[in-house]
Amino acid sequence: MLHSMSTTVEAVSERSAAEVNEEIRALWRRSGGTLNTEQRAEYQRLVLEWAQAAPQRRRAA
């Protein structure tokens, strides 16, 4: 089975991980703790952005 590679370039976050984290927290506060379908999609996008912005930690050998 062959898998195709994405040809789209993901934008690098220009916001810090802390800024994105605050937006994630605000989303949860606005939702009252339960995300609808649209909010879930936004949450997933924010988590990916946060992961790109977060400092990379080296794993211990």
# chains A, B, ... in the order shown; residues from 1 in each chain; ligands from 1
$ residues_around --residues "Arg15 (chain A)" --least-positions-apart "6" --cutoff "10 Å" --atoms "only C-alpha atoms" --output "ChimeraX atom specification"
/A:21,49-50,52-54
$ write_last_selection --atoms "all heavy atoms" --output "PDB file, in the first residue's frame"
ATOM      1  N   ASN A  21      -1.114  28.503  24.748  1.00  0.00           N
ATOM      2  CA  ASN A  21      -1.676  27.815  25.912  1.00  0.00           C
ATOM      3  C   ASN A  21      -2.780  28.662  26.544  1.00  0.00           C
ATOM      4  O   ASN A  21      -3.824  28.132  26.949  1.00  0.00           O
ATOM      5  CB  ASN A  21      -0.581  27.514  26.929  1.00  0.00           C
ATOM      6  CG  ASN A  21      -1.071  26.632  28.050  1.00  0.00           C
ATOM      7  OD1 ASN A  21      -1.794  25.670  27.821  1.00  0.00           O
ATOM      8  ND2 ASN A  21      -0.694  26.968  29.268  1.00  0.00           N
ATOM      9  N   GLU A  49      -0.504  23.870  17.127  1.00  0.00           N
ATOM     10  CA  GLU A  49       0.264  25.110  17.131  1.00  0.00           C
ATOM     11  C   GLU A  49       1.129  25.195  18.385  1.00  0.00           C
ATOM     12  O   GLU A  49       2.289  25.586  18.336  1.00  0.00           O
ATOM     13  CB  GLU A  49      -0.665  26.323  17.057  1.00  0.00           C
ATOM     14  CG  GLU A  49       0.078  27.641  16.991  1.00  0.00           C
ATOM     15  CD  GLU A  49      -0.828  28.857  16.936  1.00  0.00           C
ATOM     16  OE1 GLU A  49      -2.054  28.705  16.772  1.00  0.00           O
ATOM     17  OE2 GLU A  49      -0.293  29.973  17.065  1.00  0.00           O
ATOM     18  N   TRP A  50       0.554  24.802  19.523  1.00  0.00           N
ATOM     19  CA  TRP A  50       1.301  24.811  20.789  1.00  0.00           C
ATOM     20  C   TRP A  50       2.513  23.879  20.693  1.00  0.00           C
ATOM     21  O   TRP A  50       3.613  24.240  21.105  1.00  0.00           O
ATOM     22  CB  TRP A  50       0.391  24.383  21.939  1.00  0.00           C
ATOM     23  CG  TRP A  50       1.139  24.253  23.220  1.00  0.00           C
ATOM     24  CD1 TRP A  50       1.409  25.244  24.113  1.00  0.00           C
ATOM     25  CD2 TRP A  50       1.743  23.064  23.742  1.00  0.00           C
ATOM     26  NE1 TRP A  50       2.151  24.736  25.158  1.00  0.00           N
ATOM     27  CE2 TRP A  50       2.365  23.405  24.948  1.00  0.00           C
ATOM     28  CE3 TRP A  50       1.816  21.748  23.292  1.00  0.00           C
ATOM     29  CZ2 TRP A  50       3.049  22.462  25.722  1.00  0.00           C
ATOM     30  CZ3 TRP A  50       2.500  20.824  24.063  1.00  0.00           C
ATOM     31  CH2 TRP A  50       3.099  21.191  25.263  1.00  0.00           C
ATOM     32  N   GLN A  52       4.187  23.014  18.096  1.00  0.00           N
ATOM     33  CA  GLN A  52       5.210  23.605  17.233  1.00  0.00           C
ATOM     34  C   GLN A  52       5.952  24.729  17.940  1.00  0.00           C
ATOM     35  O   GLN A  52       7.142  24.938  17.707  1.00  0.00           O
ATOM     36  CB  GLN A  52       4.581  24.141  15.948  1.00  0.00           C
ATOM     37  CG  GLN A  52       4.115  23.057  15.016  1.00  0.00           C
ATOM     38  CD  GLN A  52       3.427  23.639  13.793  1.00  0.00           C
ATOM     39  OE1 GLN A  52       3.010  24.786  13.767  1.00  0.00           O
ATOM     40  NE2 GLN A  52       3.308  22.816  12.754  1.00  0.00           N
ATOM     41  N   ALA A  53       5.251  25.452  18.807  1.00  0.00           N
ATOM     42  CA  ALA A  53       5.851  26.596  19.486  1.00  0.00           C
ATOM     43  C   ALA A  53       6.621  26.203  20.745  1.00  0.00           C
ATOM     44  O   ALA A  53       7.507  26.941  21.185  1.00  0.00           O
ATOM     45  CB  ALA A  53       4.771  27.620  19.838  1.00  0.00           C
ATOM     46  N   ALA A  54       6.285  25.047  21.317  1.00  0.00           N
ATOM     47  CA  ALA A  54       6.906  24.632  22.580  1.00  0.00           C
ATOM     48  C   ALA A  54       8.365  24.276  22.354  1.00  0.00           C
ATOM     49  O   ALA A  54       8.724  23.687  21.330  1.00  0.00           O
ATOM     50  CB  ALA A  54       6.162  23.416  23.147  1.00  0.00           C
TER      51      ALA A  54
END
$ decode --residues "region 18-46 of chain A" --atoms "N, CA, C and O atoms" --output "PDB file, in the first residue's frame"
ATOM      1  N   ALA A  18       3.326  29.801  25.431  1.00  0.00           N
ATOM      2  CA  ALA A  18       2.528  30.370  26.529  1.00  0.00           C
ATOM      3  C   ALA A  18       1.308  31.114  25.991  1.00  0.00           C
ATOM      4  O   ALA A  18       0.210  31.015  26.558  1.00  0.00           O
ATOM      5  N   GLU A  19       1.473  31.850  24.884  1.00  0.00           N
ATOM      6  CA  GLU A  19       0.343  32.565  24.287  1.00  0.00           C
ATOM      7  C   GLU A  19      -0.706  31.590  23.762  1.00  0.00           C
ATOM      8  O   GLU A  19      -1.906  31.790  23.964  1.00  0.00           O
ATOM      9  N   VAL A  20      -0.249  30.543  23.096  1.00  0.00           N
ATOM     10  CA  VAL A  20      -1.181  29.552  22.554  1.00  0.00           C
ATOM     11  C   VAL A  20      -1.867  28.818  23.704  1.00  0.00           C
ATOM     12  O   VAL A  20      -3.078  28.571  23.671  1.00  0.00           O
ATOM     13  N   ASN A  21      -1.114  28.503  24.748  1.00  0.00           N
ATOM     14  CA  ASN A  21      -1.676  27.815  25.912  1.00  0.00           C
ATOM     15  C   ASN A  21      -2.780  28.662  26.544  1.00  0.00           C
ATOM     16  O   ASN A  21      -3.824  28.132  26.949  1.00  0.00           O
ATOM     17  N   GLU A  22      -2.578  29.971  26.621  1.00  0.00           N
ATOM     18  CA  GLU A  22      -3.605  30.844  27.189  1.00  0.00           C
ATOM     19  C   GLU A  22      -4.863  30.820  26.336  1.00  0.00           C
ATOM     20  O   GLU A  22      -5.980  30.822  26.866  1.00  0.00           O
ATOM     21  N   GLU A  23      -4.708  30.741  25.021  1.00  0.00           N
ATOM     22  CA  GLU A  23      -5.887  30.655  24.150  1.00  0.00           C
ATOM     23  C   GLU A  23      -6.613  29.325  24.348  1.00  0.00           C
ATOM     24  O   GLU A  23      -7.842  29.271  24.323  1.00  0.00           O
ATOM     25  N   ILE A  24      -5.856  28.259  24.551  1.00  0.00           N
ATOM     26  CA  ILE A  24      -6.469  26.952  24.832  1.00  0.00           C
ATOM     27  C   ILE A  24      -7.266  27.023  26.132  1.00  0.00           C
ATOM     28  O   ILE A  24      -8.412  26.564  26.200  1.00  0.00           O
ATOM     29  N   ARG A  25      -6.685  27.614  27.157  1.00  0.00           N
ATOM     30  CA  ARG A  25      -7.383  27.749  28.446  1.00  0.00           C
ATOM     31  C   ARG A  25      -8.658  28.584  28.295  1.00  0.00           C
ATOM     32  O   ARG A  25      -9.700  28.252  28.863  1.00  0.00           O
ATOM     33  N   ALA A  26      -8.567  29.674  27.514  1.00  0.00           N
ATOM     34  CA  ALA A  26      -9.736  30.528  27.296  1.00  0.00           C
ATOM     35  C   ALA A  26     -10.842  29.762  26.570  1.00  0.00           C
ATOM     36  O   ALA A  26     -12.027  29.923  26.889  1.00  0.00           O
ATOM     37  N   LEU A  27     -10.459  28.931  25.609  1.00  0.00           N
ATOM     38  CA  LEU A  27     -11.438  28.113  24.896  1.00  0.00           C
ATOM     39  C   LEU A  27     -12.178  27.205  25.861  1.00  0.00           C
ATOM     40  O   LEU A  27     -13.410  27.098  25.828  1.00  0.00           O
ATOM     41  N   TRP A  28     -11.448  26.551  26.748  1.00  0.00           N
ATOM     42  CA  TRP A  28     -12.077  25.666  27.734  1.00  0.00           C
ATOM     43  C   TRP A  28     -12.986  26.447  28.681  1.00  0.00           C
ATOM     44  O   TRP A  28     -14.079  25.990  29.020  1.00  0.00           O
ATOM     45  N   ARG A  29     -12.550  27.649  29.097  1.00  0.00           N
ATOM     46  CA  ARG A  29     -13.393  28.463  29.982  1.00  0.00           C
ATOM     47  C   ARG A  29     -14.684  28.865  29.284  1.00  0.00           C
ATOM     48  O   ARG A  29     -15.778  28.774  29.870  1.00  0.00           O
ATOM     49  N   ARG A  30     -14.572  29.314  28.032  1.00  0.00           N
ATOM     50  CA  ARG A  30     -15.761  29.726  27.274  1.00  0.00           C
ATOM     51  C   ARG A  30     -16.722  28.564  27.069  1.00  0.00           C
ATOM     52  O   ARG A  30     -17.934  28.754  27.041  1.00  0.00           O
ATOM     53  N   SER A  31     -16.178  27.377  26.895  1.00  0.00           N
ATOM     54  CA  SER A  31     -17.027  26.213  26.582  1.00  0.00           C
ATOM     55  C   SER A  31     -17.701  25.629  27.815  1.00  0.00           C
ATOM     56  O   SER A  31     -18.596  24.800  27.686  1.00  0.00           O
ATOM     57  N   GLY A  32     -17.251  26.031  28.994  1.00  0.00           N
ATOM     58  CA  GLY A  32     -17.814  25.453  30.211  1.00  0.00           C
ATOM     59  C   GLY A  32     -17.344  24.029  30.453  1.00  0.00           C
ATOM     60  O   GLY A  32     -17.947  23.292  31.217  1.00  0.00           O
ATOM     61  N   GLY A  33     -16.276  23.635  29.793  1.00  0.00           N
ATOM     62  CA  GLY A  33     -15.694  22.313  30.019  1.00  0.00           C
ATOM     63  C   GLY A  33     -16.126  21.242  29.036  1.00  0.00           C
ATOM     64  O   GLY A  33     -15.661  20.111  29.105  1.00  0.00           O
ATOM     65  N   THR A  34     -17.027  21.590  28.117  1.00  0.00           N
ATOM     66  CA  THR A  34     -17.474  20.633  27.100  1.00  0.00           C
ATOM     67  C   THR A  34     -17.371  21.286  25.731  1.00  0.00           C
ATOM     68  O   THR A  34     -18.000  22.312  25.489  1.00  0.00           O
ATOM     69  N   LEU A  35     -16.575  20.689  24.860  1.00  0.00           N
ATOM     70  CA  LEU A  35     -16.356  21.256  23.531  1.00  0.00           C
ATOM     71  C   LEU A  35     -17.334  20.676  22.524  1.00  0.00           C
ATOM     72  O   LEU A  35     -17.531  19.462  22.469  1.00  0.00           O
ATOM     73  N   ASN A  36     -17.934  21.569  21.706  1.00  0.00           N
ATOM     74  CA  ASN A  36     -18.759  21.078  20.610  1.00  0.00           C
ATOM     75  C   ASN A  36     -17.845  20.742  19.429  1.00  0.00           C
ATOM     76  O   ASN A  36     -16.626  20.876  19.524  1.00  0.00           O
ATOM     77  N   THR A  37     -18.406  20.315  18.333  1.00  0.00           N
ATOM     78  CA  THR A  37     -17.607  19.874  17.190  1.00  0.00           C
ATOM     79  C   THR A  37     -16.691  20.981  16.674  1.00  0.00           C
ATOM     80  O   THR A  37     -15.507  20.749  16.414  1.00  0.00           O
ATOM     81  N   GLU A  38     -17.219  22.187  16.534  1.00  0.00           N
ATOM     82  CA  GLU A  38     -16.428  23.306  16.039  1.00  0.00           C
ATOM     83  C   GLU A  38     -15.302  23.659  17.026  1.00  0.00           C
ATOM     84  O   GLU A  38     -14.164  23.899  16.616  1.00  0.00           O
ATOM     85  N   GLN A  39     -15.617  23.664  18.298  1.00  0.00           N
ATOM     86  CA  GLN A  39     -14.610  23.972  19.322  1.00  0.00           C
ATOM     87  C   GLN A  39     -13.539  22.884  19.378  1.00  0.00           C
ATOM     88  O   GLN A  39     -12.370  23.173  19.602  1.00  0.00           O
ATOM     89  N   ARG A  40     -13.939  21.636  19.177  1.00  0.00           N
ATOM     90  CA  ARG A  40     -12.975  20.538  19.172  1.00  0.00           C
ATOM     91  C   ARG A  40     -11.959  20.711  18.052  1.00  0.00           C
ATOM     92  O   ARG A  40     -10.766  20.491  18.236  1.00  0.00           O
ATOM     93  N   ALA A  41     -12.433  21.127  16.881  1.00  0.00           N
ATOM     94  CA  ALA A  41     -11.538  21.363  15.750  1.00  0.00           C
ATOM     95  C   ALA A  41     -10.571  22.503  16.071  1.00  0.00           C
ATOM     96  O   ALA A  41      -9.374  22.421  15.770  1.00  0.00           O
ATOM     97  N   GLU A  42     -11.077  23.567  16.703  1.00  0.00           N
ATOM     98  CA  GLU A  42     -10.212  24.677  17.094  1.00  0.00           C
ATOM     99  C   GLU A  42      -9.189  24.218  18.132  1.00  0.00           C
ATOM    100  O   GLU A  42      -8.018  24.572  18.060  1.00  0.00           O
ATOM    101  N   TYR A  43      -9.634  23.405  19.089  1.00  0.00           N
ATOM    102  CA  TYR A  43      -8.742  22.878  20.117  1.00  0.00           C
ATOM    103  C   TYR A  43      -7.613  22.062  19.483  1.00  0.00           C
ATOM    104  O   TYR A  43      -6.440  22.235  19.828  1.00  0.00           O
ATOM    105  N   GLN A  44      -7.945  21.210  18.543  1.00  0.00           N
ATOM    106  CA  GLN A  44      -6.928  20.394  17.875  1.00  0.00           C
ATOM    107  C   GLN A  44      -5.921  21.268  17.139  1.00  0.00           C
ATOM    108  O   GLN A  44      -4.719  21.027  17.190  1.00  0.00           O
ATOM    109  N   ARG A  45      -6.415  22.303  16.454  1.00  0.00           N
ATOM    110  CA  ARG A  45      -5.523  23.233  15.758  1.00  0.00           C
ATOM    111  C   ARG A  45      -4.605  23.947  16.743  1.00  0.00           C
ATOM    112  O   ARG A  45      -3.399  24.068  16.512  1.00  0.00           O
ATOM    113  N   LEU A  46      -5.156  24.367  17.866  1.00  0.00           N
ATOM    114  CA  LEU A  46      -4.358  25.068  18.874  1.00  0.00           C
ATOM    115  C   LEU A  46      -3.307  24.150  19.498  1.00  0.00           C
ATOM    116  O   LEU A  46      -2.177  24.575  19.742  1.00  0.00           O
TER     117      LEU A  46
END
